[in-house]
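Heads up: the structure comes next, in structure tokens.
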Amino acid sequence: MYFELNEEQRMWQKTVHDFVAAEVKPKARDIDETATFNWDATRKMGPIGLLGLSIPEEYGGAGVDAISAAIAIEELGWGCGSTALAIAAHNGLGTAPISLYASEELKKRWLPLVASGRGKLGSLALTEPGAGSDLQGGVRTRAEKVGNEWIINGSKMWCTNASIAEYIITLVRTNPAGGSRSLSMILVPTNTPGLRIAPAEKKMGLKGSPTHEVTYEDVRVPLDNLIGEANRGLHQTLATLDGGRISIGALSVGLAQAAYEAAIEYSKQRHTFGKPLAEHQAIQFMLADAATEIEAARLLIYRAAWLKQEGRPYSKEAAMGKLYATEMAERVSRNAIQIHGGYGYSREYPVERIYRDARLMTIGEGTSEMQRMVIARQVLLND
Ligand SMILES: Cc1cc2nc3c(=O)[nH]c(=O)nc-3n(C[C@H](O)[C@H](O)[C@H](O)COP(=O)(O)OP(=O)(O)OC[C@H]3O[C@@H](n4cnc5c(N)ncnc54)[C@H](O)[C@@H]3O)c2cc1C
């Protein structure tokens with residue numbers, strides 16, 4: 001067993017950390033206040049490799065190992081939840097299905113563009129107004145083969161990046177009979193006639209990460225825009241979400257780390273009853289719990305990433321990592337506000353924003369309840 005990052009991973013971590021400290025963290029407050037996406041920093045991410053984390057180098061990506069990919073998202077989360085979510089969704093949801101399943105032609109057409117920072121980002125639309133956790137039973141958006149095209153009708157909800165994306169990978173029903181082999185993934189360029197992206201949702205947090213309802217009215221794309229095999233979309237989605245869970249877990253570790261650092265700094269400056277907050281045991285215990293839980297979450301995430309890298313099953317471990325890290329981030333950022341007292345409730349301090357951003361993490365890419373179901377199923381079947 002080896003509990004250290006290797007030399008390459010350490011250098012990568014430092015590179016990403018320094019970039020985030022310079023380009024992302026200083027803008028986090030402003031992009032939250034103005035609900036704008038940080039394009040300036042995103043454009044600069046292409047050359048570093050942050051827009052093509054798991055895209056193979058032959059298609060313009062960085063092709064880093066799974067632990068390095070998690071490190072990158074953790075560092076982005078430390079800097080800014082909104083930016084991190086957009087980049088995590090781009091990599092984990094918006095490009096992974098193409099890298100894993102798409103034809104050579106689709107890979108060459110889209111991956112170099114979105115990995116470089118010259119183009120816009122990628123996005124994935126699974127969720128619908130009437131279907132989130134239960135995609136198999138609930139997806140109503142349908143695609144019909146007519147001549148050499150797919151014709152798509154329906155609507156999707158909560159699509160991260162839709163307005164800043166080149167394309168939306170859309171989960172559609174291609175077999176009306178239903179069942180686990182009735183869904184497919186189809187790539188829909190965002191400039192396709194009939195595709196309508198609604199204004200960004202007004203959210204509690206993550207305001208610099210645009211999220212949209214998307215409607216499809218007789219949207220026509222070539223048959224070749226199918227990703228992978230027809231009617232294998234559910235299987236492809238579940239595999240994509242396994243990777244996405246590592247990413248959301250890593251992002252949560254980064255959010256918690258930022259809240260914890262802010263709490264430490266504040267607790268050393270603020271005095272009550274004649275001494276710094278940091279010298280009161282109640283405050284120390286909150287900090288000790290935060291340090292312990294952040295470390296535990298990080299190890300769970302690294303282990304899931306390592307299993308993924310080794311090509312071994314990792315669904316259960318990714319679900320455990322996401323479940324623990326996301327709930328941990330909420331506790332740690334909640335306590336960071338407590339340590340700041342009244343100032344923690346103010347937008348002057350970052351912990352208020354981090355708490356709002358962290359709240360999404362137990363919901364997006366599979367709720368905590370869904371993670372527990374995945375874990376329980378495997379525990380009961382296999383262990
Ligand atoms: C900011 C944001 C960004 C998002 N980005 C994307 C994106 O890019 N692409 C995308 O496709 N989706 C995205 N989503 C959607 C997200 O993945 C879904 O909201 C999530 O999967 C939950 O689905 P739902 O909202 O339909 O909740 P529902 O499935 O309706 O669940 C509601 C509640 O019931 C619980 N529940 C449901 N079924 C069960 C059960 N069998 N047993 C116990 N409890 C159950 C759930 O855990 C939850 O607490 C995003 C959402 C948000 C808020």
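Starting from 1 in every chain, residues are counted up; chains themselves are A, B, ... following the order of the structure tokens, and ligands are numbered from 1 as listed.
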For stretch 109-123 of chain A, find every residue with an atom within 9 Å (counting only C-alpha atoms), except residues of its own chain fewer than 6 positions away, and show them as a ChimeraX atom specification. /A:42-47,49-53,55,58-62,86-87,89-91,93-95,98-99,159-162,164-170
Close residues to ligand 1 using only C-alpha atoms and all ligand atoms, limit 6 Å, as a list in words: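 Checked against 6 Å with only C-alpha atoms and all ligand atoms; the hits are Leu124, Ala125, Leu126, Thr127, Ala131, Gly132, Ser133, Asp134, Trp158, Cys159, Thr160, Thr211, Ile363, Gly364, Glu365, Gly366, Thr367, Glu369 and Met370 of chain A.
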Using only N, CA and C atoms, please write the residues we just selected to a file, as a CSV table (one decimal), in the first residue's frame.
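The file below, again10.csv, is the result:
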```csv
chain,number,residue,atom,x,y,z
A,124,LEU,N,-24.3,17.4,-20.9
A,124,LEU,CA,-25.0,16.2,-21.0
A,124,LEU,C,-26.4,16.4,-20.4
A,125,ALA,N,-27.4,16.1,-21.2
A,125,ALA,CA,-28.8,16.2,-20.7
A,125,ALA,C,-29.5,14.9,-20.5
A,126,LEU,N,-29.5,14.5,-19.2
A,126,LEU,CA,-30.2,13.3,-18.8
A,126,LEU,C,-31.6,13.6,-18.2
A,127,THR,N,-31.5,14.5,-17.2
A,127,THR,CA,-32.7,14.8,-16.4
A,127,THR,C,-33.8,15.5,-17.2
A,131,ALA,N,-38.3,13.4,-14.7
A,131,ALA,CA,-37.4,12.3,-14.5
A,131,ALA,C,-36.0,12.7,-14.1
A,132,GLY,N,-35.6,12.3,-12.9
A,132,GLY,CA,-34.2,12.6,-12.5
A,132,GLY,C,-33.6,11.3,-12.0
A,133,SER,N,-33.9,10.9,-10.8
A,133,SER,CA,-33.4,9.6,-10.3
A,133,SER,C,-33.8,8.4,-11.1
A,134,ASP,N,-35.0,8.4,-11.6
A,134,ASP,CA,-35.5,7.3,-12.3
A,134,ASP,C,-35.5,7.5,-13.9
A,158,TRP,N,-32.4,21.1,-16.0
A,158,TRP,CA,-31.1,21.2,-15.2
A,158,TRP,C,-29.9,20.8,-16.0
A,159,CYS,N,-29.8,21.3,-17.2
A,159,CYS,CA,-28.6,21.0,-18.1
A,159,CYS,C,-27.5,22.0,-17.8
A,160,THR,N,-26.5,21.5,-17.1
A,160,THR,CA,-25.3,22.4,-16.8
A,160,THR,C,-24.6,22.6,-18.1
A,211,THR,N,-27.3,26.8,-15.6
A,211,THR,CA,-28.1,25.5,-15.7
A,211,THR,C,-29.4,25.9,-16.4
A,363,ILE,N,-27.1,16.4,-4.3
A,363,ILE,CA,-28.3,16.2,-5.2
A,363,ILE,C,-27.8,15.8,-6.6
A,364,GLY,N,-26.9,16.6,-7.2
A,364,GLY,CA,-26.5,16.5,-8.6
A,364,GLY,C,-25.7,15.2,-8.8
A,365,GLU,N,-25.9,14.6,-10.0
A,365,GLU,CA,-25.2,13.4,-10.4
A,365,GLU,C,-25.5,12.2,-9.5
A,366,GLY,N,-26.8,12.2,-9.1
A,366,GLY,CA,-27.3,11.1,-8.2
A,366,GLY,C,-27.3,11.6,-6.8
A,367,THR,N,-28.5,11.6,-6.2
A,367,THR,CA,-28.7,12.1,-4.8
A,367,THR,C,-28.1,11.2,-3.8
A,369,GLU,N,-29.5,9.7,-1.6
A,369,GLU,CA,-30.4,8.5,-1.5
A,369,GLU,C,-30.0,7.4,-2.6
A,370,MET,N,-29.8,7.9,-3.8
A,370,MET,CA,-29.4,7.0,-4.9
A,370,MET,C,-28.0,6.4,-4.6
```
Which of stretch 118-197 of chain A fall in strand (DSSP E), as a ChimeraX atom specification: /A:121-125,142-146,149-160,165-173,183-189,195-197
Skip stretch 348-354 of chain A itself and residues of its chain fewer than 5 positions away, then list as JSON, numbers by chain all residues within 8 Å of it, counting only C-alpha atoms. {"A": [29, 32, 81, 205, 255, 256, 258, 259, 262, 333, 336, 337, 343]}
Deliver the residues from the most recent selection as a file, using C-alpha atoms, as a PDB file, in the first residue's frame.
```pdb
ATOM      1  CA  ARG A  29     -17.095  36.121  -5.279  1.00  0.00           C
ATOM      2  CA  ASP A  32     -21.363  34.476  -7.775  1.00  0.00           C
ATOM      3  CA  GLY A  81     -17.669  26.026  -6.793  1.00  0.00           C
ATOM      4  CA  GLY A 205     -25.744  28.795  -5.216  1.00  0.00           C
ATOM      5  CA  LEU A 255     -15.143  23.199  -1.219  1.00  0.00           C
ATOM      6  CA  ALA A 256     -14.674  21.809   2.288  1.00  0.00           C
ATOM      7  CA  ALA A 258     -11.612  26.171   1.278  1.00  0.00           C
ATOM      8  CA  ALA A 259     -14.198  26.580   4.066  1.00  0.00           C
ATOM      9  CA  ALA A 262     -11.138  30.265   5.903  1.00  0.00           C
ATOM     10  CA  SER A 333     -19.014  24.592   5.483  1.00  0.00           C
ATOM     11  CA  ALA A 336     -17.128  27.225   9.085  1.00  0.00           C
ATOM     12  CA  ILE A 337     -20.049  29.678   9.164  1.00  0.00           C
ATOM     13  CA  TYR A 343     -19.860  37.495   9.871  1.00  0.00           C
TER      14      TYR A 343
END
```
Do a neighbour search on A:Gly154 at 8 Å with only C-alpha atoms, toss out local chain neighbours closer than 3 positions, and write the hits as an MDAnalysis selection string. chainID A and resid 140:142 215:217
How many Å lie between atom CA of A:Ala28 and atom CA of A:Leu251, rounded to one decimal?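 Rounded to one decimal, the two atoms are 14.6 Å apart.
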Can you tell me how far atom CA of A:Ala143 sits from atom CA of A:Leu171, in Å to one decimal?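 Atom-to-atom, atom CA of A:Ala143 and atom CA of A:Leu171 are spaced 9.3 Å apart.
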